[in-house]
Amino acid sequence: MEVLKNKKTLQDFIERQKEMGKRIGFAPTMGALHKGHLSLYEEARKENDLVISSIFVNPTQFNNPEDLEKYPRDVNRDILILQNSGLVDAVYIPEVADIYPEKTESQHYDFDGLENEMEGKSRPGHFDGVGTVVEELFRQIQPDNAYFGEKDFQQLAIIKKMVEKKKLPIKIKGVSIYRAESGLALSSRNQRLHEDRKEASKIIYEALKKVDSWSKTTTIPDIKEKIQEIFDQQQGMQLEYFLIADEETLKETDFFHEDRSYRAFIVVIVDGVRLIDNMHLS
Ligand code: PAF
């Protein structure tokens, strides 16, 4: 596996691959790799000649400096995981100046309002940061296909919108949420939880499964009340938000319309760690 530590070595590598006509699959990450990331590479392997990942903790997408500081970083461990997986041909680990040659600042994007829902309300500026880094990585890596986990469903929708609006020749592929046996969605942030809190957090997935079943018989305001009650009873957990939204517009709804698809979205703070999850409602 090639470890590409700056833009110049990346450019030389990409040029060689393009000359050979290789089809490139790309999965960007912020490191702290886990099985959820490996599932992105597995998907990418099926559809491309070459799989590239990146590791870059993007400062502009953190609206909370403490969160940025606490974000788990261990590049050597990540490189080992990638090497042992045998799934990735090259990893790009840029310096800040390779992504932000002038100011470490986001561009401003219009994602047709997708950016104003859910995480956009809780984390102002977050999606401008994500858009900026992903667009730059796309321009440098020039992938044919790019893979994003459905755990960050709003991010996935926003990246699809960016590619459409900027007319980038890249197919964006969503990959199903990878869950631990307990049902907890895998996330780099889980590393900050003690084992017993990880175990307790399976309640998030259990609550989402209940929502799916309630959605056939119960009104959305009643479902919201039931969810609030579940989390009120959990020590050390605060429900930041729970809502049901249209899968395409991401707008919250209080009523199911027959011709639309819906998804439940939840954010719970467990011992100060912000856990996010979602589920398509069948
Ligand atoms: O999902 C993430 O890990 C990040 O938001 C991403 C897409 C790598 C951009 O920094």
# chains A, B, ... in the order shown; residues from 1 in each chain; ligands from 1
>>> residues_around(residues="range 19-36 of chain A", least_positions_apart="6", cutoff="7 Å", atoms="only C-alpha atoms", output="PyMOL selection string")
chain A and resi 44+48-57+72-75+78+143-148+178+186+188
>>> residues_around(residues="range 119-132 of chain A", least_positions_apart="2", cutoff="8 Å", atoms="only C-alpha atoms", output="list in words")
Asn58, Pro59, Thr60, Gln61, Phe62, Asn63, Glu105, Ser106, Gln107, His108, Tyr109, Glu115, Asn116, Glu117, Val134, Glu135, Glu136, Gln154, Gln155, Ile158, Ile159 and Met162 of chain A
>>> select_by_dssp(residues="range 28-173 of chain A", states="strand (DSSP E)", output="list in words")
Pro28, Thr29, Leu50, Val51, Ile52, Ser53, Ser54, Ile55, Ala90, Val91, Tyr92, Asn145, Ala146, Tyr147, Phe148, Gly149, Lys171, Ile172 and Lys173 of chain A
>>> write_last_selection(atoms="N, CA and C atoms", output="PDB file, in the first residue's frame")
ATOM      1  N   PRO A  28     -13.066   8.972   1.755  1.00  0.00           N
ATOM      2  CA  PRO A  28     -12.351   9.887   2.661  1.00  0.00           C
ATOM      3  C   PRO A  28     -12.666   9.548   4.116  1.00  0.00           C
ATOM      4  N   THR A  29     -11.692   9.764   5.000  1.00  0.00           N
ATOM      5  CA  THR A  29     -11.940   9.538   6.436  1.00  0.00           C
ATOM      6  C   THR A  29     -11.193  10.599   7.241  1.00  0.00           C
ATOM      7  N   LEU A  50      -8.868   0.336  -8.376  1.00  0.00           N
ATOM      8  CA  LEU A  50      -7.943   0.860  -7.380  1.00  0.00           C
ATOM      9  C   LEU A  50      -8.750   1.538  -6.262  1.00  0.00           C
ATOM     10  N   VAL A  51      -8.355   1.287  -5.005  1.00  0.00           N
ATOM     11  CA  VAL A  51      -9.079   1.932  -3.898  1.00  0.00           C
ATOM     12  C   VAL A  51      -8.129   2.878  -3.161  1.00  0.00           C
ATOM     13  N   ILE A  52      -8.562   4.119  -3.025  1.00  0.00           N
ATOM     14  CA  ILE A  52      -7.759   5.121  -2.300  1.00  0.00           C
ATOM     15  C   ILE A  52      -8.576   5.596  -1.112  1.00  0.00           C
ATOM     16  N   SER A  53      -7.897   5.776   0.023  1.00  0.00           N
ATOM     17  CA  SER A  53      -8.560   6.399   1.167  1.00  0.00           C
ATOM     18  C   SER A  53      -7.754   7.633   1.540  1.00  0.00           C
ATOM     19  N   SER A  54      -8.346   8.486   2.367  1.00  0.00           N
ATOM     20  CA  SER A  54      -7.572   9.615   2.890  1.00  0.00           C
ATOM     21  C   SER A  54      -7.804   9.684   4.386  1.00  0.00           C
ATOM     22  N   ILE A  55      -6.811  10.228   5.070  1.00  0.00           N
ATOM     23  CA  ILE A  55      -6.937  10.469   6.508  1.00  0.00           C
ATOM     24  C   ILE A  55      -6.601  11.931   6.726  1.00  0.00           C
ATOM     25  N   ALA A  90      -3.856   2.771  -1.790  1.00  0.00           N
ATOM     26  CA  ALA A  90      -3.083   3.955  -1.406  1.00  0.00           C
ATOM     27  C   ALA A  90      -3.860   4.772  -0.396  1.00  0.00           C
ATOM     28  N   VAL A  91      -3.116   5.373   0.543  1.00  0.00           N
ATOM     29  CA  VAL A  91      -3.761   6.281   1.494  1.00  0.00           C
ATOM     30  C   VAL A  91      -3.081   7.645   1.381  1.00  0.00           C
ATOM     31  N   TYR A  92      -3.921   8.661   1.310  1.00  0.00           N
ATOM     32  CA  TYR A  92      -3.433  10.045   1.210  1.00  0.00           C
ATOM     33  C   TYR A  92      -3.576  10.678   2.589  1.00  0.00           C
ATOM     34  N   ASN A 145     -15.700   6.834  -8.439  1.00  0.00           N
ATOM     35  CA  ASN A 145     -16.753   6.556  -7.454  1.00  0.00           C
ATOM     36  C   ASN A 145     -16.249   6.964  -6.064  1.00  0.00           C
ATOM     37  N   ALA A 146     -17.147   7.505  -5.237  1.00  0.00           N
ATOM     38  CA  ALA A 146     -16.739   7.844  -3.863  1.00  0.00           C
ATOM     39  C   ALA A 146     -17.778   7.294  -2.896  1.00  0.00           C
ATOM     40  N   TYR A 147     -17.301   6.811  -1.754  1.00  0.00           N
ATOM     41  CA  TYR A 147     -18.116   6.022  -0.825  1.00  0.00           C
ATOM     42  C   TYR A 147     -18.252   6.735   0.517  1.00  0.00           C
ATOM     43  N   PHE A 148     -19.503   6.834   0.987  1.00  0.00           N
ATOM     44  CA  PHE A 148     -19.795   7.499   2.256  1.00  0.00           C
ATOM     45  C   PHE A 148     -20.779   6.639   3.038  1.00  0.00           C
ATOM     46  N   GLY A 149     -20.582   6.600   4.372  1.00  0.00           N
ATOM     47  CA  GLY A 149     -21.467   5.790   5.197  1.00  0.00           C
ATOM     48  C   GLY A 149     -22.826   6.464   5.404  1.00  0.00           C
ATOM     49  N   LYS A 171     -19.480   9.365  -9.154  1.00  0.00           N
ATOM     50  CA  LYS A 171     -20.700   8.730  -8.628  1.00  0.00           C
ATOM     51  C   LYS A 171     -20.557   8.598  -7.112  1.00  0.00           C
ATOM     52  N   ILE A 172     -21.580   9.059  -6.385  1.00  0.00           N
ATOM     53  CA  ILE A 172     -21.535   8.983  -4.923  1.00  0.00           C
ATOM     54  C   ILE A 172     -22.352   7.776  -4.471  1.00  0.00           C
ATOM     55  N   LYS A 173     -21.711   6.923  -3.674  1.00  0.00           N
ATOM     56  CA  LYS A 173     -22.363   5.684  -3.243  1.00  0.00           C
ATOM     57  C   LYS A 173     -22.525   5.681  -1.726  1.00  0.00           C
TER      58      LYS A 173
END
>>> select_by_dssp(residues="range 163-195 of chain A", states="helix (DSSP H, G or I)", output="NGL selection string")
:A and (163-165 or 188-192 or 195)
>>> closest_residue(among="A:Leu114, A:Val267, A:Leu87, A:Val133", to="Lys251 in chain A", atoms="only C-alpha atoms")
A:Leu114
>>> closest_residue(among="A:Ser182, A:Asp222, A:Ile79, A:Asp232", to="Ala200 in chain A", atoms="only C-alpha atoms")
A:Ser182
>>> closest_residue(among="A:Ser176, A:Ser187, A:Gln11, A:Ser261", to="ligand 1", atoms="only C-alpha atoms and all ligand atoms")
A:Ser187
>>> atom_distance(atom1="CA of Phe242 in chain A", atom2="CA of Gly183 in chain A")
17.8 Å
>>> closest_residue(among="A:His257, A:Lys151, A:Lys167, A:Arg45", to="ligand 1", atoms="only C-alpha atoms and all ligand atoms")
A:Lys151
>>> closest_residue(among="A:Ile276, A:Leu10, A:Leu250, A:Ile220", to="ligand 1", atoms="only C-alpha atoms and all ligand atoms")
A:Ile276
>>> atom_distance(atom1="CA of Phe255 in chain A", atom2="CA of Gly113 in chain A")
20.3 Å
>>> closest_residue(among="A:Phe111, A:Phe138, A:Trp214, A:Phe153", to="Pro169 in chain A", atoms="only C-alpha atoms")
A:Phe138
>>> atom_distance(atom1="CA of Met237 in chain A", atom2="CA of Gly174 in chain A")
28.8 Å
>>> residues_around(residues="Lys5 in chain A", least_positions_apart="4", cutoff="7 Å", atoms="only C-alpha atoms", output="PyMOL selection string")
chain A and resi 9+92-94
